[in-house]
Amino acid sequence: MPDNFPPLDPKQTALLVMDFQPGILGMLTEVETLLSHVERAIAIVRAHGGQVAYVRVAFEDADFAAIPPTSRMAARAAKAARAFHADSPETAVHERLAPQPGDIVVRKTRVGAFSTTNLDEQLRERGIVNLILAGISTSGVVLSTVRDAADRDYQVFVLEDASADPEPGVHAFLTERIFPRQAHVVRISELESLLSPRPAG
């Protein structure tokens, strides 16, 4: 991030913590490091007065039944079966990242954070215009949400070291080659300055 990049107003900024749940974390290695990075990101955003929002994927019985057979999600949901039911511990936000009062929490039944939730409405109600994304997987929820958020005219930032993919090469390709077309790719070490006013002259 360039030194002259204008700081973000924390009151207009939200960190989206996406799909950090046991059933998805199990696809990864280096889970402890990733959780530590996300914990740090959450702490920084909270300390600056920004909004934290959680997105989790989980299905009610009616959700499973409503997926048409033409959707590739139907096969994935059937394979996941009860493991991704809304009541399963596998779909809860990881306890180390647990939501606090005042946080936004939404449940989705597709890949992106917006299409099957009221997340956009809740963000708009709070005057949020800047989104910082952390999620699993980079090729799943992060990719889908970058595209959708950009189309909704949010200013988007992707936390490269607070997101992960089961295929590290895919993560690298997306963060280095694809995301910069629609988002700023940053690291947690840049968050503090990104959310802090610059000293005058």
# chains A, B, ... in the order shown; residues from 1 in each chain; ligands from 1
>>> residues_around(residues="Arg46 in chain A", least_positions_apart="3", cutoff="12 Å", atoms="only C-alpha atoms", output="short mmCIF file (atom, residue, chain, number, x, y, z; two decimals) with N, CA and C atoms, in the first residue's frame")
data_model
loop_
_atom_site.label_atom_id
_atom_site.label_comp_id
_atom_site.auth_asym_id
_atom_site.auth_seq_id
_atom_site.Cartn_x
_atom_site.Cartn_y
_atom_site.Cartn_z
N PRO A 10 -12.57 4.48 10.14
CA PRO A 10 -13.00 3.22 10.74
C PRO A 10 -14.51 3.09 10.86
N LYS A 11 -15.20 4.21 11.03
CA LYS A 11 -16.66 4.16 11.17
C LYS A 11 -17.33 3.76 9.86
N THR A 13 -15.87 1.45 7.86
CA THR A 13 -15.08 0.29 7.47
C THR A 13 -15.52 -0.95 8.23
N ALA A 14 -15.61 -2.06 7.52
CA ALA A 14 -15.96 -3.33 8.15
C ALA A 14 -14.97 -4.41 7.75
N LEU A 15 -14.60 -5.22 8.71
CA LEU A 15 -13.82 -6.44 8.46
C LEU A 15 -14.79 -7.59 8.32
N GLU A 39 -7.21 -13.26 14.41
CA GLU A 39 -7.42 -12.67 15.74
C GLU A 39 -6.80 -11.27 15.80
N ARG A 40 -5.60 -11.14 15.27
CA ARG A 40 -4.93 -9.84 15.28
C ARG A 40 -5.69 -8.82 14.44
N ALA A 41 -6.16 -9.23 13.27
CA ALA A 41 -6.92 -8.32 12.42
C ALA A 41 -8.19 -7.84 13.12
N ILE A 42 -8.89 -8.77 13.75
CA ILE A 42 -10.11 -8.41 14.48
C ILE A 42 -9.79 -7.41 15.58
N ALA A 43 -8.73 -7.67 16.33
CA ALA A 43 -8.35 -6.78 17.44
C ALA A 43 -8.03 -5.39 16.94
N GLY A 49 -12.38 1.13 16.29
CA GLY A 49 -13.80 1.46 16.21
C GLY A 49 -14.48 1.03 14.94
N GLY A 50 -13.86 0.13 14.18
CA GLY A 50 -14.48 -0.38 12.96
C GLY A 50 -15.50 -1.47 13.26
N GLN A 51 -16.25 -1.82 12.24
CA GLN A 51 -17.28 -2.86 12.36
C GLN A 51 -16.66 -4.22 12.03
N VAL A 52 -17.05 -5.24 12.78
CA VAL A 52 -16.67 -6.61 12.46
C VAL A 52 -17.92 -7.38 12.05
N ALA A 53 -17.83 -8.11 10.96
CA ALA A 53 -18.97 -8.88 10.47
C ALA A 53 -18.52 -10.31 10.19
N PRO A 99 -17.98 -14.00 17.68
CA PRO A 99 -18.59 -12.67 17.60
C PRO A 99 -18.86 -12.08 18.98
N GLN A 100 -18.90 -10.76 19.03
CA GLN A 100 -19.23 -10.01 20.23
C GLN A 100 -20.49 -9.20 19.98
N PRO A 101 -21.15 -8.73 21.04
CA PRO A 101 -22.34 -7.88 20.85
C PRO A 101 -22.01 -6.69 19.95
N GLY A 102 -22.91 -6.41 19.04
CA GLY A 102 -22.71 -5.31 18.10
C GLY A 102 -22.11 -5.75 16.77
N ASP A 103 -21.58 -6.97 16.71
CA ASP A 103 -21.06 -7.49 15.45
C ASP A 103 -22.22 -7.91 14.55
N LEU A 191 -2.55 -2.87 8.42
CA LEU A 191 -3.88 -2.49 8.89
C LEU A 191 -3.85 -1.29 9.82
N GLU A 192 -2.91 -1.30 10.74
CA GLU A 192 -2.84 -0.22 11.73
C GLU A 192 -2.74 1.14 11.04
N LEU A 195 -5.88 2.31 9.06
CA LEU A 195 -7.02 2.80 9.84
C LEU A 195 -6.69 3.99 10.73
#
>>> select_by_dssp(residues="range 1-190 of chain A", states="helix (DSSP H, G or I)", output="PyMOL selection string")
chain A and resi 10-12+22-25+31-47+61-66+72-84+89-91+95-97+119-125+138-151+160-162+168-181+188-190
>>> write_last_selection(atoms="C-alpha atoms", output="PDB file, in the first residue's frame")
ATOM      1  CA  PRO A  10     -12.996   3.217  10.743  1.00  0.00           C
ATOM      2  CA  LYS A  11     -16.656   4.157  11.171  1.00  0.00           C
ATOM      3  CA  GLN A  12     -17.138   3.484   7.467  1.00  0.00           C
ATOM      4  CA  PRO A  22     -14.312 -26.017  11.933  1.00  0.00           C
ATOM      5  CA  GLY A  23     -15.742 -27.828   8.912  1.00  0.00           C
ATOM      6  CA  ILE A  24     -13.792 -25.539   6.571  1.00  0.00           C
ATOM      7  CA  LEU A  25     -10.644 -24.963   8.611  1.00  0.00           C
ATOM      8  CA  VAL A  31      -4.443 -23.390  10.885  1.00  0.00           C
ATOM      9  CA  GLU A  32      -2.938 -22.003  14.100  1.00  0.00           C
ATOM     10  CA  THR A  33      -0.989 -19.356  12.228  1.00  0.00           C
ATOM     11  CA  LEU A  34      -4.039 -18.357  10.209  1.00  0.00           C
ATOM     12  CA  LEU A  35      -6.246 -18.073  13.304  1.00  0.00           C
ATOM     13  CA  SER A  36      -3.625 -15.948  15.027  1.00  0.00           C
ATOM     14  CA  HIS A  37      -3.531 -13.613  12.038  1.00  0.00           C
ATOM     15  CA  VAL A  38      -7.300 -13.258  11.981  1.00  0.00           C
ATOM     16  CA  GLU A  39      -7.418 -12.668  15.738  1.00  0.00           C
ATOM     17  CA  ARG A  40      -4.927  -9.843  15.278  1.00  0.00           C
ATOM     18  CA  ALA A  41      -6.923  -8.318  12.419  1.00  0.00           C
ATOM     19  CA  ILE A  42     -10.115  -8.406  14.476  1.00  0.00           C
ATOM     20  CA  ALA A  43      -8.354  -6.781  17.438  1.00  0.00           C
ATOM     21  CA  ILE A  44      -6.965  -3.976  15.277  1.00  0.00           C
ATOM     22  CA  VAL A  45     -10.319  -3.208  13.672  1.00  0.00           C
ATOM     23  CA  ARG A  46     -12.103  -3.270  17.037  1.00  0.00           C
ATOM     24  CA  ALA A  47      -9.460  -1.024  18.623  1.00  0.00           C
ATOM     25  CA  ASP A  61     -33.472 -28.433   6.214  1.00  0.00           C
ATOM     26  CA  ALA A  62     -35.476 -26.188   3.907  1.00  0.00           C
ATOM     27  CA  ASP A  63     -32.281 -24.847   2.354  1.00  0.00           C
ATOM     28  CA  PHE A  64     -31.125 -28.322   1.366  1.00  0.00           C
ATOM     29  CA  ALA A  65     -34.522 -29.082  -0.163  1.00  0.00           C
ATOM     30  CA  ALA A  66     -34.658 -25.817  -2.116  1.00  0.00           C
ATOM     31  CA  ARG A  72     -23.519 -27.633  -8.577  1.00  0.00           C
ATOM     32  CA  MET A  73     -24.183 -26.553  -5.006  1.00  0.00           C
ATOM     33  CA  ALA A  74     -26.774 -29.360  -4.792  1.00  0.00           C
ATOM     34  CA  ALA A  75     -24.133 -32.056  -5.081  1.00  0.00           C
ATOM     35  CA  ARG A  76     -21.824 -30.301  -2.646  1.00  0.00           C
ATOM     36  CA  ALA A  77     -24.601 -29.822  -0.109  1.00  0.00           C
ATOM     37  CA  ALA A  78     -25.700 -33.446  -0.423  1.00  0.00           C
ATOM     38  CA  LYS A  79     -22.143 -34.618   0.151  1.00  0.00           C
ATOM     39  CA  ALA A  80     -21.779 -32.379   3.200  1.00  0.00           C
ATOM     40  CA  ALA A  81     -25.143 -33.542   4.535  1.00  0.00           C
ATOM     41  CA  ARG A  82     -25.532 -33.046   8.276  1.00  0.00           C
ATOM     42  CA  ALA A  83     -21.983 -31.753   8.745  1.00  0.00           C
ATOM     43  CA  PHE A  84     -23.035 -28.408   7.302  1.00  0.00           C
ATOM     44  CA  PRO A  89     -20.705 -27.499  15.592  1.00  0.00           C
ATOM     45  CA  GLU A  90     -18.850 -27.719  12.270  1.00  0.00           C
ATOM     46  CA  THR A  91     -20.669 -24.613  11.029  1.00  0.00           C
ATOM     47  CA  GLU A  95     -14.394 -20.103  19.215  1.00  0.00           C
ATOM     48  CA  ARG A  96     -11.161 -18.087  19.029  1.00  0.00           C
ATOM     49  CA  LEU A  97     -12.866 -15.645  16.661  1.00  0.00           C
ATOM     50  CA  LEU A 119     -25.282  -8.428   4.626  1.00  0.00           C
ATOM     51  CA  ASP A 120     -25.391  -5.567   2.124  1.00  0.00           C
ATOM     52  CA  GLU A 121     -28.447  -4.075   3.850  1.00  0.00           C
ATOM     53  CA  GLN A 122     -26.816  -4.288   7.273  1.00  0.00           C
ATOM     54  CA  LEU A 123     -23.604  -2.698   6.039  1.00  0.00           C
ATOM     55  CA  ARG A 124     -25.452   0.133   4.268  1.00  0.00           C
ATOM     56  CA  GLU A 125     -27.488   0.840   7.417  1.00  0.00           C
ATOM     57  CA  THR A 138      -9.383 -17.628  -1.364  1.00  0.00           C
ATOM     58  CA  SER A 139     -10.810 -19.282  -4.479  1.00  0.00           C
ATOM     59  CA  GLY A 140     -14.250 -19.564  -2.898  1.00  0.00           C
ATOM     60  CA  VAL A 141     -15.808 -17.000  -0.598  1.00  0.00           C
ATOM     61  CA  VAL A 142     -13.022 -14.428  -1.012  1.00  0.00           C
ATOM     62  CA  LEU A 143     -13.087 -14.484  -4.813  1.00  0.00           C
ATOM     63  CA  SER A 144     -16.880 -14.390  -4.991  1.00  0.00           C
ATOM     64  CA  THR A 145     -17.129 -11.606  -2.426  1.00  0.00           C
ATOM     65  CA  VAL A 146     -14.428  -9.468  -4.049  1.00  0.00           C
ATOM     66  CA  ARG A 147     -16.324  -9.550  -7.342  1.00  0.00           C
ATOM     67  CA  ASP A 148     -19.739  -8.925  -5.797  1.00  0.00           C
ATOM     68  CA  ALA A 149     -18.540  -6.208  -3.420  1.00  0.00           C
ATOM     69  CA  ALA A 150     -16.783  -4.381  -6.259  1.00  0.00           C
ATOM     70  CA  ASP A 151     -19.969  -4.509  -8.305  1.00  0.00           C
ATOM     71  CA  GLU A 160      -3.550 -11.695   2.003  1.00  0.00           C
ATOM     72  CA  ASP A 161      -2.205 -13.253   5.204  1.00  0.00           C
ATOM     73  CA  ALA A 162      -5.623 -13.645   6.857  1.00  0.00           C
ATOM     74  CA  PRO A 168      -1.408 -22.357  -1.942  1.00  0.00           C
ATOM     75  CA  GLY A 169      -0.599 -21.755  -5.595  1.00  0.00           C
ATOM     76  CA  VAL A 170      -4.178 -20.711  -6.266  1.00  0.00           C
ATOM     77  CA  HIS A 171      -4.070 -18.347  -3.297  1.00  0.00           C
ATOM     78  CA  ALA A 172      -0.896 -16.753  -4.640  1.00  0.00           C
ATOM     79  CA  PHE A 173      -2.250 -16.431  -8.179  1.00  0.00           C
ATOM     80  CA  LEU A 174      -5.470 -14.774  -7.040  1.00  0.00           C
ATOM     81  CA  THR A 175      -3.867 -12.352  -4.598  1.00  0.00           C
ATOM     82  CA  GLU A 176      -1.060 -11.399  -6.961  1.00  0.00           C
ATOM     83  CA  ARG A 177      -2.757 -11.410 -10.363  1.00  0.00           C
ATOM     84  CA  ILE A 178      -6.557 -11.301 -10.095  1.00  0.00           C
ATOM     85  CA  PHE A 179      -7.659  -9.428  -6.965  1.00  0.00           C
ATOM     86  CA  PRO A 180      -5.631  -6.259  -7.686  1.00  0.00           C
ATOM     87  CA  ARG A 181      -7.963  -5.604 -10.617  1.00  0.00           C
ATOM     88  CA  ILE A 188      -2.140  -7.358   8.537  1.00  0.00           C
ATOM     89  CA  SER A 189       1.017  -5.363   9.212  1.00  0.00           C
ATOM     90  CA  GLU A 190      -0.519  -2.560   7.108  1.00  0.00           C
TER      91      GLU A 190
END
>>> select_by_dssp(residues="range 40-184 of chain A", states="strand (DSSP E or B)", output="list of chain:residue names")
A:Gln51, A:Val52, A:Ala53, A:Tyr54, A:Val55, A:Arg56, A:Val57, A:Phe59, A:His85, A:Ile104, A:Val105, A:Val106, A:Arg107, A:Lys108, A:Asn130, A:Leu131, A:Ile132, A:Leu133, A:Ala134, A:Gly135, A:Ile136, A:Gln155, A:Val156, A:Phe157, A:Val158, A:Leu159, A:Ala164, A:His184
>>> residues_around(residues="Thr29 in chain A", least_positions_apart="5", cutoff="10 Å", atoms="only C-alpha atoms", output="number ranges by chain")
A: 34, 164-166
>>> residues_around(residues="His85 in chain A", least_positions_apart="4", cutoff="7 Å", atoms="only C-alpha atoms", output="PyMOL selection string")
chain A and resi 58-60
>>> write_last_selection(atoms="C-alpha atoms", output="mmCIF file, in the first residue's frame")
data_model
loop_
_atom_site.group_PDB
_atom_site.id
_atom_site.type_symbol
_atom_site.label_atom_id
_atom_site.label_comp_id
_atom_site.auth_asym_id
_atom_site.auth_seq_id
_atom_site.Cartn_x
_atom_site.Cartn_y
_atom_site.Cartn_z
ATOM 1 C CA ALA A 58 -24.739 -23.436 6.981
ATOM 2 C CA PHE A 59 -27.999 -24.999 5.830
ATOM 3 C CA GLU A 60 -31.414 -25.454 7.385
#
